Structures are given as C-alpha cells and as structure tokens.
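Colleague: File name input36.cif; file contents mmCIF, C-alpha atoms; full text below.
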data_my_file
loop_
_atom_site.label_atom_id
_atom_site.label_comp_id
_atom_site.auth_asym_id
_atom_site.auth_seq_id
_atom_site.Cartn_x
_atom_site.Cartn_y
_atom_site.Cartn_z
CA MET A 1 95.50 84.72 126.11
CA GLN A 2 99.15 85.56 126.84
CA LEU A 3 98.34 85.83 130.55
CA LEU A 4 96.71 82.40 130.51
CA ARG A 5 99.76 80.96 128.78
CA LYS A 6 102.04 82.39 131.48
CA LEU A 7 99.80 81.05 134.24
CA ALA A 8 99.99 77.61 132.59
CA PHE A 9 103.80 77.49 132.99
CA PRO A 10 103.70 74.71 135.66
CA ILE A 11 101.66 72.58 133.24
CA SER A 12 104.27 73.17 130.54
CA LEU A 13 106.93 71.76 132.87
CA VAL A 14 104.90 68.57 133.29
CA TYR A 15 104.43 68.40 129.52
CA ALA A 16 108.18 68.87 129.01
CA LEU A 17 108.90 66.00 131.40
CA VAL A 18 106.51 63.69 129.55
CA VAL A 19 108.14 64.61 126.22
CA TYR A 20 111.61 63.98 127.67
CA ILE A 21 110.66 60.54 129.05
CA ARG A 22 108.97 59.51 125.79
CA ASN A 23 112.01 60.47 123.70
CA PHE A 24 114.37 58.80 126.18
CA LEU A 25 112.44 55.53 125.92
CA PHE A 26 112.71 55.66 122.13
CA ASP A 27 116.43 56.50 122.33
CA ILE A 28 117.25 53.48 124.52
CA GLY A 29 115.14 51.14 122.39
CA PHE A 30 112.37 50.52 124.94
CA PHE A 31 109.88 51.75 122.33
CA LYS A 32 110.52 50.05 119.00
CA VAL A 33 111.22 51.93 115.76
CA LYS A 34 110.44 50.41 112.36
CA SER A 35 112.23 51.03 109.05
CA PHE A 36 110.63 50.29 105.68
CA GLY A 37 111.87 49.11 102.31
CA THR A 38 110.15 52.01 100.54
CA THR A 39 111.90 55.39 100.58
CA THR A 40 110.13 57.57 103.17
CA ILE A 41 110.54 61.34 103.51
CA CYS A 42 109.27 62.93 106.71
CA VAL A 43 108.19 66.59 106.77
CA GLY A 44 107.42 68.03 110.18
CA ASN A 45 108.19 70.56 112.87
CA LEU A 46 108.65 70.85 116.61
CA SER A 47 105.73 73.22 117.14
CA VAL A 48 101.96 72.86 116.80
CA GLY A 49 101.76 74.38 113.33
CA GLY A 50 102.25 77.39 111.15
CA THR A 51 105.52 76.42 109.46
CA GLY A 52 104.15 75.63 105.99
CA LYS A 53 104.12 71.82 106.03
CA THR A 54 101.40 71.37 103.42
CA PRO A 55 103.02 73.72 100.85
CA MET A 56 106.31 71.86 101.48
CA ILE A 57 104.65 68.49 100.84
CA GLU A 58 103.21 69.94 97.63
CA PHE A 59 106.63 71.29 96.67
CA LEU A 60 108.13 67.81 97.08
CA ILE A 61 105.30 66.28 95.06
CA GLU A 62 106.06 68.70 92.21
CA LEU A 63 109.74 67.69 92.31
CA LEU A 64 109.11 63.93 92.39
CA LYS A 65 105.83 63.12 90.63
CA ASP A 66 107.14 63.05 87.05
CA SER A 67 109.91 60.55 87.83
CA TYR A 68 108.54 58.45 90.69
CA LYS A 69 105.33 56.86 91.93
CA VAL A 70 104.52 59.13 94.88
CA ALA A 71 102.25 58.50 97.85
CA VAL A 72 101.42 60.82 100.76
CA ILE A 73 100.27 59.65 104.16
CA SER A 74 98.87 61.96 106.82
CA ARG A 75 97.10 61.59 110.11
CA GLY A 76 94.13 63.48 108.67
CA TYR A 77 93.67 65.84 111.60
CA ARG A 78 90.01 66.37 112.65
CA ARG A 79 88.67 63.96 110.05
CA LYS A 80 85.50 62.09 110.97
CA SER A 81 86.77 58.68 109.90
CA LYS A 82 89.03 56.23 111.72
CA GLY A 83 91.88 53.94 110.72
CA TYR A 84 93.40 53.61 107.28
CA VAL A 85 91.54 55.43 104.50
CA LEU A 86 92.75 55.58 100.92
CA ALA A 87 91.59 58.67 99.02
CA ARG A 88 89.27 57.98 96.09
CA SER A 89 87.57 60.16 93.52
CA GLU A 90 84.40 60.18 95.63
CA SER A 91 86.18 60.91 98.94
CA LYS A 92 84.80 63.75 101.08
CA ILE A 93 86.74 66.27 103.12
CA GLU A 94 85.20 64.93 106.35
CA GLU A 95 86.67 61.50 105.54
CA LEU A 96 90.23 62.68 104.83
CA GLY A 97 90.68 65.96 106.69
CA ASP A 98 91.24 69.32 105.02
CA GLU A 99 94.95 69.13 104.14
CA PRO A 100 94.96 65.55 102.71
CA TYR A 101 91.79 66.42 100.79
CA GLN A 102 93.49 69.52 99.37
CA ILE A 103 96.49 67.47 98.24
CA HIS A 104 94.25 64.75 96.79
CA SER A 105 92.22 67.32 94.84
CA LYS A 106 95.30 69.14 93.59
CA PHE A 107 97.31 66.08 92.57
CA PRO A 108 94.87 63.39 91.37
CA GLY A 109 97.76 61.42 89.82
CA ILE A 110 99.35 60.55 93.17
CA THR A 111 98.13 58.40 96.05
CA VAL A 112 96.92 60.03 99.27
CA ALA A 113 96.05 58.05 102.40
CA VAL A 114 95.29 58.89 106.02
CA ASP A 115 95.98 56.81 109.10
CA GLU A 116 96.70 57.78 112.70
CA ASP A 117 98.99 54.73 112.82
CA ARG A 118 101.76 55.65 110.36
CA CYS A 119 103.33 52.16 110.43
CA ARG A 120 100.04 50.52 109.49
CA GLY A 121 99.45 53.14 106.81
CA ILE A 122 102.85 52.59 105.23
CA LEU A 123 102.40 48.80 105.27
CA ASN A 124 99.02 49.17 103.53
CA LEU A 125 100.54 51.44 100.89
CA GLU A 126 103.42 49.02 100.30
CA LYS A 127 101.01 46.12 100.01
CA GLY A 128 98.43 47.75 97.76
CA ILE A 129 100.00 50.68 95.89
CA LYS A 130 103.72 49.84 95.93
CA PRO A 131 104.93 53.46 95.61
CA ASP A 132 108.54 54.46 94.96
CA VAL A 133 108.44 57.09 97.70
CA ILE A 134 106.09 57.91 100.58
CA LEU A 135 105.88 61.46 101.93
CA LEU A 136 105.06 61.47 105.65
CA ASP A 137 103.08 64.62 106.39
CA ASP A 138 103.55 66.10 109.87
CA ALA A 139 105.33 63.01 111.17
CA PHE A 140 108.43 64.31 112.98
CA GLN A 141 107.00 63.31 116.39
CA HIS A 142 105.90 59.86 115.18
CA ARG A 143 109.05 58.06 116.17
CA LYS A 144 107.72 54.56 115.59
CA VAL A 145 108.68 55.16 111.96
CA LYS A 146 112.34 55.67 111.06
CA PRO A 147 112.21 57.68 107.82
CA THR A 148 114.80 57.47 105.09
CA TYR A 149 115.12 61.26 105.15
CA SER A 150 113.74 63.81 107.60
CA ILE A 151 113.00 67.49 106.90
CA LEU A 152 112.39 69.78 109.87
CA LEU A 153 110.63 73.11 109.31
CA THR A 154 110.87 76.15 111.57
CA ALA A 155 109.25 79.51 110.85
CA PHE A 156 111.41 82.63 110.61
CA GLY A 157 109.10 84.56 112.95
CA LYS A 158 109.13 81.82 115.59
CA LEU A 159 112.34 79.81 115.45
CA TYR A 160 112.26 76.82 117.79
CA PRO A 161 115.26 77.98 119.92
CA PHE A 162 113.07 80.89 121.09
CA ASP A 163 109.96 78.78 121.77
CA TRP A 164 108.76 76.90 124.86
CA TYR A 165 106.59 73.86 125.58
CA LEU A 166 102.81 73.77 125.38
CA PRO A 167 100.65 75.32 126.70
CA THR A 168 102.89 78.28 127.59
CA GLY A 169 104.60 78.13 124.20
CA ASP A 170 103.95 76.22 120.98
CA LEU A 171 106.54 73.43 121.24
CA ARG A 172 105.14 69.90 121.19
CA ASP A 173 108.59 68.30 121.15
CA SER A 174 112.00 68.98 122.63
CA LYS A 175 114.34 71.39 120.83
CA LYS A 176 117.05 68.75 121.21
CA GLU A 177 115.10 66.46 118.87
CA ALA A 178 116.12 68.72 116.00
CA LYS A 179 119.24 66.53 115.89
CA ARG A 180 117.17 63.79 114.21
CA ALA A 181 116.56 65.92 111.10
CA ASP A 182 118.67 65.51 107.98
CA LEU A 183 117.66 68.93 106.71
CA ILE A 184 116.38 72.07 108.50
CA ILE A 185 114.39 74.59 106.46
CA VAL A 186 113.69 78.05 107.83
CA THR A 187 110.34 78.97 106.28
CA LYS A 188 108.40 82.23 105.89
CA CYS A 189 111.56 84.30 105.62
CA PRO A 190 111.53 87.83 104.20
CA ALA A 191 112.36 87.45 100.50
CA ASN A 192 115.25 89.90 100.93
CA LEU A 193 116.83 88.16 103.93
CA SER A 194 120.53 88.97 103.75
CA GLU A 195 123.34 86.41 103.83
CA ASN A 196 124.54 87.94 107.10
CA GLU A 197 121.11 87.40 108.68
CA GLN A 198 121.03 83.86 107.33
CA THR A 199 124.41 83.16 108.92
CA LYS A 200 123.15 84.44 112.28
CA ILE A 201 120.18 82.10 112.12
CA VAL A 202 122.39 79.12 111.23
CA ASP A 203 124.59 79.93 114.24
CA LEU A 204 121.48 80.11 116.42
CA LEU A 205 120.15 76.74 115.20
CA GLU A 206 123.55 75.07 115.72
CA PRO A 207 123.09 72.34 113.08
CA LYS A 208 124.95 69.07 113.51
CA ASP A 209 127.70 68.05 111.10
CA HIS A 210 125.27 65.93 109.06
CA GLN A 211 122.69 68.74 108.75
CA HIS A 212 122.26 71.58 106.30
CA VAL A 213 120.07 74.68 106.77
CA LEU A 214 118.00 76.06 103.88
CA PHE A 215 115.91 79.24 103.68
CA SER A 216 112.52 79.63 102.02
CA TYR A 217 109.90 82.34 101.66
CA LEU A 218 106.19 82.34 100.86
CA ASN A 219 105.40 83.02 97.23
CA TYR A 220 101.73 84.02 96.88
CA SER A 221 100.06 83.63 93.52
CA GLU A 222 98.89 86.77 91.76
CA LYS A 223 96.02 84.79 90.23
CA LEU A 224 93.06 84.00 92.46
CA LYS A 225 90.91 80.94 91.78
CA GLY A 226 87.34 80.05 92.62
CA ASP A 227 83.73 80.10 91.45
CA GLY A 228 84.87 78.55 88.19
CA ARG A 229 86.78 81.65 87.11
CA ALA A 230 90.12 83.30 87.70
CA LEU A 231 90.76 86.80 88.99
CA MET A 232 93.96 88.78 89.34
CA LEU A 233 94.90 89.91 92.83
CA SER A 234 95.35 93.48 91.56
CA GLN A 235 91.63 93.55 90.72
CA LEU A 236 90.83 93.60 94.43
CA LEU A 237 92.24 97.09 94.84
CA GLY A 238 89.42 99.47 95.73
CA LYS A 239 87.09 96.62 96.77
CA LYS A 240 85.93 95.67 100.25
CA VAL A 241 87.26 92.15 100.80
CA THR A 242 86.32 89.74 103.57
CA LEU A 243 89.32 87.55 104.36
CA VAL A 244 88.40 84.23 106.02
CA THR A 245 91.20 82.12 107.52
CA GLY A 246 91.25 78.95 109.59
CA ILE A 247 94.99 78.30 109.59
CA ALA A 248 97.68 78.24 112.28
CA ASP A 249 99.27 81.56 111.32
CA ALA A 250 97.50 84.05 109.06
CA LYS A 251 99.80 86.99 109.86
CA PRO A 252 102.05 86.63 106.77
CA LEU A 253 99.03 86.57 104.44
CA VAL A 254 97.39 89.54 106.17
CA ALA A 255 100.62 91.54 105.99
CA TYR A 256 101.06 90.65 102.31
CA LEU A 257 97.55 91.80 101.38
CA MET A 258 97.83 94.99 103.42
CA ASP A 259 101.18 95.84 101.84
CA LEU A 260 99.45 95.61 98.47
CA GLY A 261 96.90 98.15 99.67
CA ILE A 262 93.95 95.74 99.65
CA ASN A 263 91.13 96.71 102.03
CA ILE A 264 90.41 93.57 104.08
CA ALA A 265 88.11 92.72 106.97
CA HIS A 266 89.73 89.67 108.53
CA LEU A 267 87.59 86.93 110.07
CA GLU A 268 90.06 84.62 111.80
CA TYR A 269 89.30 81.12 113.10
CA LYS A 270 91.33 78.30 114.65
CA ASP A 271 93.38 75.96 112.49
CA HIS A 272 91.29 73.21 110.78
CA HIS A 273 88.06 74.96 111.83
CA PHE A 274 84.88 73.44 110.40
CA PHE A 275 82.61 76.40 109.64
CA THR A 276 79.08 76.52 111.09
CA SER A 277 75.94 77.39 109.16
CA SER A 278 75.74 80.77 110.91
CA GLU A 279 79.34 81.56 109.96
CA ILE A 280 78.68 80.58 106.35
CA ALA A 281 75.59 82.83 106.37
CA LEU A 282 77.83 85.67 107.56
CA PHE A 283 80.30 85.04 104.74
CA ASN A 284 77.47 85.04 102.22
CA SER A 285 76.49 88.53 103.33
CA SER A 286 79.86 89.78 102.03
CA ALA A 287 80.27 91.03 98.48
CA PHE A 288 83.65 89.30 98.05
CA VAL A 289 85.26 86.55 100.14
CA LEU A 290 88.94 85.67 99.92
CA THR A 291 90.35 82.64 101.72
CA THR A 292 93.30 80.25 101.79
CA GLU A 293 93.49 77.12 99.67
CA LYS A 294 93.10 74.93 102.76
CA ASP A 295 89.99 76.81 103.87
CA TYR A 296 88.58 76.84 100.34
CA VAL A 297 88.13 73.06 100.31
CA ARG A 298 85.89 73.43 103.39
CA LEU A 299 83.89 76.36 102.00
CA LYS A 300 83.58 75.46 98.32
CA GLY A 301 79.98 75.26 97.18
CA LYS A 302 78.72 76.90 100.37
CA VAL A 303 79.86 80.50 99.93
CA LYS A 304 79.17 82.72 96.94
CA ASN A 305 81.80 85.05 95.44
CA LEU A 306 84.49 82.87 97.04
CA PHE A 307 88.10 82.89 95.84
CA TYR A 308 91.34 81.55 97.27
CA ILE A 309 94.96 82.63 97.07
CA SER A 310 97.46 79.81 96.68
CA VAL A 311 100.97 79.86 98.11
CA LYS A 312 104.20 78.02 97.32
CA HIS A 313 107.65 77.91 98.87
CA GLY A 314 110.34 79.87 97.10
CA PHE A 315 113.99 79.16 97.98
CA MET A 316 116.93 81.50 98.43
CA ASN A 317 120.43 81.19 97.05
CA GLU A 318 121.02 77.72 95.54
CA ASP A 319 118.85 76.06 98.18
CA LYS A 320 116.34 74.57 95.74
CA ALA A 321 119.16 72.88 93.82
CA PHE A 322 120.57 71.54 97.10
CA LEU A 323 117.20 70.05 98.03
CA MET A 324 116.80 68.46 94.60
CA ASN A 325 120.26 66.88 94.81
CA ALA A 326 119.56 65.61 98.33
CA LEU A 327 116.39 63.89 97.13
CA LYS A 328 118.22 62.30 94.17
CA LYS A 329 120.73 60.75 96.56
CA ILE A 330 118.10 58.93 98.61
CA MET A 331 115.94 57.69 95.71
#
Please lay out the structure from this file as structure tokens.
Modeller:
Amino acid sequence: MQLLRKLAFPISLVYALVVYIRNFLFDIGFFKVKSFGTTTICVGNLSVGGTGKTPMIEFLIELLKDSYKVAVISRGYRRKSKGYVLARSESKIEELGDEPYQIHSKFPGITVAVDEDRCRGILNLEKGIKPDVILLDDAFQHRKVKPTYSILLTAFGKLYPFDWYLPTGDLRDSKKEAKRADLIIVTKCPANLSENEQTKIVDLLEPKDHQHVLFSYLNYSEKLKGDGRALMLSQLLGKKVTLVTGIADAKPLVAYLMDLGINIAHLEYKDHHFFTSSEIALFNSSAFVLTTEKDYVRLKGKVKNLFYISVKHGFMNEDKAFLMNALKKIM
C-alpha cells in the first residue's frame, strides 16, 4: 500500500493543483460564500478522517443542549438516500449514514439532518426547526458556507504539517487553509503530554494571531454496552475477544486494549464499511465481539454477544474551560 501511494505521487500533484485553484476562486469571490442568521459551528479537518470529528460533535452537543436548541447537519457519507433528510424516530441507518444515525440515536432531544448541499440543509433547518445553533459536521472543505465559528481538528499521530495530498498522503485540502479556523484542536494526544511537547506542537502549527491551540485525548469508557446489558471492560481479561472496526484509524483503540492486557483478534475494515452477510456470519462464530460505537449501529441486531466501547474527548490544562468560554461568546 505504501509503495502504491509513492507511485501515485504525480496524481497527488494534480490533486494539489485542483485544490489550490478551487480555494483561490473562493478567496477572490468567484465562488460565492453564504452566511446565515443562525449561529453555525463547523467541525472538520484537512485530512480524510481519523481525527475524532464525531466525538467532538457529541462533546459540543453535551455542552450546548441544555441551554440552546441544537441541530446537527452532516453530509451523511455512504447513505443510500439523496438530498435533504430530517432524522425521525423511524429513520434507518441506510437513510442517514452511520455517524448521523449514531448521533440521532444518542441524542433524541436534538435535531439531526443530512444533506450533501450544506446551504440547502441549513435553510431547511432555519425554515422548519429554527434552531439556536447548527453544528456542521465535517464541513471545513465546504466553503460555500461561512460558519460563525470554525474548529479544525488534527490528530497527534498525524499532524497536518507532516502530511501530503491524496492519494500519496491523506490531505484533502491545503495546509494553508488552516488559517480559516478559529480554533485548532490537537486530538488523540497521550494523556500525559508534557507542556514542553505541547509548546513544540504549537510552534509547528504556527497558529495565526486570532487562533488558539487546544489539546485533547481519547477517554474510553470502562463500561461496555450492548445486548441490553452492561459489562465492565475489566471483565474481558482472560477472554478471547474479536474486535471489529470499520473506522478511519483503529490504532489508538487497539493499543489501549492491548495495554490493558486484553486478548484481541482484530478484524479491520475500511471506514463506513457496510458489513456483508458472510462477514456477519464470521462475527457470529466468535464467542465475544467488541466494536466501536459507530460500527455498533451497523451491526446491532445482526451479531450475537456484541458490545461496544464508547469514547469521549478529554481536554488538558484549562482547555475545556477555554472552549466553553469561546462558545459562550458566539452564542
């Protein structure tokens, strides 16, 4: 795979040129950008995934839902529907996509919608729901919308200054576009990341005067959920566990489980993978199946002895308080 990526370097140069021209046309006003009356908060990244966007959206929901009427709009990647779709109690995962469906299931008190055209989606939400704030999931590249506030995520293990354009690297946008963010959050950090190491990363990212850099880490739950019952993670010690993942980057989860001494056989699939009947039959041959929350919504009711481990963002220093204050200022 790495060899193929290197051989694809000429293609990455063409991709980089296309990205540059597109951004230039937005910058000079050739492509129009629309602002909205409703407060909009964009969460995105410069790469193709693996920075923890969905947990960050959920973190923001937790911060805002008790004081404001919150809506989330997403493209609904790999959904089987088209256009604007408002999540309802009877909505299926195929209609919304896995991540919007997860959010809808987890937070039934907020509005979730999907639309590949973010402008149209926002207008529909303003017309029908009239939310106080709209969270734009994975929308940093969607420049037709000018958000009120923009949060850019970059993973500790793959900071965007070290990355390169697709298909040789994982960048889908120019590193220079980081200047459009109001806030940069370095995700998936070691929980014991020192202040000196944090300072080095800030120097590497070279934030603009208007930007602030925060640091977060993954906080895995010790309580597993699934099959209508709860189970403590420690109860997996001594068991043979089949770990099924269809996410962009499973390495942090695998490392976490192995550090705990849990014996796992990892079956890894591409991000947003829809599992086949033969794959589900394979999972059902396992005595115990552990998966991610995003994968669980695609496997629920199809696999026996299925549990998922949930994850949240934890913040270092006083970074959570900074984020909360920043949100208060724009509301």
Colleague: Identify which of the residues A:Ser12, A:Thr245, A:Asn317, A:Ser285 lies closest to A:His273, counting all atoms listed in the file when measuring atom-to-atom distances.
Modeller: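 Using all atoms listed in the file, A:His273 sits closest to A:Thr245.
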Colleague: Would you translate the PyMOL selection byres ((chain A and resi 241) around 10) into the concrete set of residues it matches in this file, as an mmCIF file with C-alpha atoms, in the coordinates of the input?
Modeller:
data_model
loop_
_atom_site.group_PDB
_atom_site.id
_atom_site.type_symbol
_atom_site.label_atom_id
_atom_site.label_comp_id
_atom_site.auth_asym_id
_atom_site.auth_seq_id
_atom_site.Cartn_x
_atom_site.Cartn_y
_atom_site.Cartn_z
ATOM 1 C CA LEU A 236 90.830 93.600 94.430
ATOM 2 C CA LEU A 237 92.240 97.090 94.840
ATOM 3 C CA GLY A 238 89.420 99.470 95.730
ATOM 4 C CA LYS A 239 87.090 96.620 96.770
ATOM 5 C CA LYS A 240 85.930 95.670 100.250
ATOM 6 C CA THR A 242 86.320 89.740 103.570
ATOM 7 C CA LEU A 243 89.320 87.550 104.360
ATOM 8 C CA VAL A 244 88.400 84.230 106.020
ATOM 9 C CA ILE A 262 93.950 95.740 99.650
ATOM 10 C CA ASN A 263 91.130 96.710 102.030
ATOM 11 C CA ILE A 264 90.410 93.570 104.080
ATOM 12 C CA ALA A 265 88.110 92.720 106.970
ATOM 13 C CA HIS A 266 89.730 89.670 108.530
ATOM 14 C CA SER A 286 79.860 89.780 102.030
ATOM 15 C CA ALA A 287 80.270 91.030 98.480
ATOM 16 C CA PHE A 288 83.650 89.300 98.050
ATOM 17 C CA VAL A 289 85.260 86.550 100.140
ATOM 18 C CA LEU A 290 88.940 85.670 99.920
#
Colleague: Could you list the residues chosen by the PyMOL selection byres ((chain A and resi 102) around 9) in this structure as a ChimeraX atom specification?
Modeller: /A:93,97-101,103-107,293-294,296-297
Colleague: Evaluate the PyMOL selection byres ((chain A and resi 139) around 8) and record the selected residues as a list of chain:residue names, following the chain and residue labels used in the document.
Modeller: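 This file, filtered by the PyMOL selection byres ((chain A and resi 139) around 8), leaves A:Cys42, A:Val43, A:Gly44, A:Ser74, A:Leu136, A:Asp137, A:Asp138, A:Phe140, A:Gln141, A:His142, A:Arg143.
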Colleague: I want to know what sits within 8 Å of A:Pro147, based on all atoms listed in the file, with residues of the same chain fewer than 5 positions away left out; could you give that as a CSV table (one decimal) with C-alpha atoms, in the coordinates of the input?
Modeller:
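The resulting file, out.csv, is shown below:
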chain,number,residue,atom,x,y,z
A,35,SER,CA,112.2,51.0,109.0
A,36,PHE,CA,110.6,50.3,105.7
A,39,THR,CA,111.9,55.4,100.6
A,40,THR,CA,110.1,57.6,103.2
A,41,ILE,CA,110.5,61.3,103.5
A,42,CYS,CA,109.3,62.9,106.7
Colleague: Just checking: using only C-alpha atoms, which residue out of A:Glu268, A:Gly109, A:Lys176, A:Arg79 ends up closest to A:Asp66?
Modeller: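 Ranked by minimum distance to A:Asp66, first place goes to A:Gly109.
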Colleague: Return the padded bounding box of stretch 265-274 of chain A as AutoDock Vina command-line options: axis-aligned, built from all atoms listed in the file, 8 Å added on each side, with centre and edge lengths in Å to one decimal.
Modeller:
--center_x 89.1 --center_y 83.0 --center_z 110.8 --size_x 24.5 --size_y 35.5 --size_z 23.7
Colleague: Find, counting all atoms listed in the file, the residue in A:Leu152, A:Leu25, A:Leu3, A:Phe307 that gets nearest to A:Leu231.
Modeller: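 Of A:Leu152, A:Leu25, A:Leu3, A:Phe307, the one nearest A:Leu231, counting all atoms listed in the file, is A:Phe307.
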Colleague: Quick one: residues within 10 Å of A:Asp227, all atoms listed in the file counted, chain neighbours fewer than 6 positions away excluded, as a list in words?
Modeller: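 Answer for this query is Lys300, Gly301, Val303, Lys304, Asn305, Leu306, Phe307 and Tyr308 of chain A.
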Colleague: I need the residues from that last selection saved to file as a JSON list (two decimals), in the coordinates of the input (with C-alpha atoms), if you can.
Modeller:
[["chain", "number", "residue", "atom", "x", "y", "z"],
["A", 300, "LYS", "CA", 83.58, 75.46, 98.32],
["A", 301, "GLY", "CA", 79.98, 75.26, 97.18],
["A", 303, "VAL", "CA", 79.86, 80.50, 99.93],
["A", 304, "LYS", "CA", 79.17, 82.72, 96.94],
["A", 305, "ASN", "CA", 81.80, 85.05, 95.44],
["A", 306, "LEU", "CA", 84.49, 82.87, 97.04],
["A", 307, "PHE", "CA", 88.10, 82.89, 95.84],
["A", 308, "TYR", "CA", 91.34, 81.55, 97.27]]
Colleague: From the list A:Ser234, A:Lys328, A:Asp170, A:Lys302, which residue is nearest A:Gly261 when using all atoms listed in the file?
Modeller: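 Of A:Ser234, A:Lys328, A:Asp170, A:Lys302, the one nearest A:Gly261, counting all atoms listed in the file, is A:Ser234.
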Colleague: Would you please work out which residue, of A:Ile201, A:Ala113, A:Ala8, A:Leu214, is nearest to A:Glu95 when using all atoms listed in the file?
Modeller: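 Nearest to A:Glu95: A:Ala113.
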Colleague: Kindly give the distance, in Å, that separates atom CA of A:Tyr68 and atom CA of A:Asp132, rounded to a single decimal.
Modeller: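 Computed distance, atom CA of A:Tyr68 to atom CA of A:Asp132, equals 5.8 Å.
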Colleague: Quick check, in Å to one decimal: how far apart do atom CA of A:Lys320 and atom CA of A:Val70 lie?
Modeller: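 Atom-to-atom, atom CA of A:Lys320 to atom CA of A:Val70, that is 19.5 Å.
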Colleague: Have a look at atom CA of A:Ala250 and atom CA of A:Arg5 and let me know their distance in Å, one decimal.
Modeller: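 Result for atom CA of A:Ala250 versus atom CA of A:Arg5: 20.1 Å, one decimal.
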Colleague: So, counting only C-alpha atoms, which residue among A:Phe315, A:Tyr220, A:Phe9, A:Phe30 is closest to A:Trp164?
Modeller: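 With only C-alpha atoms as the atom set, the closest residue is A:Phe9.
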Colleague: Excluding A:Glu222 and its own-chain neighbours fewer than 6 positions away, which residues fall within 8 Å of it when counting only C-alpha atoms? Please give them as a JSON list (two decimals) with C-alpha atoms, keeping the file's coordinate frame.
Modeller:
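Full text of result17.json as output:
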[["chain", "number", "residue", "atom", "x", "y", "z"],
["A", 232, "MET", "CA", 93.96, 88.78, 89.34],
["A", 233, "LEU", "CA", 94.90, 89.91, 92.83],
["A", 234, "SER", "CA", 95.35, 93.48, 91.56],
["A", 309, "ILE", "CA", 94.96, 82.63, 97.07]]
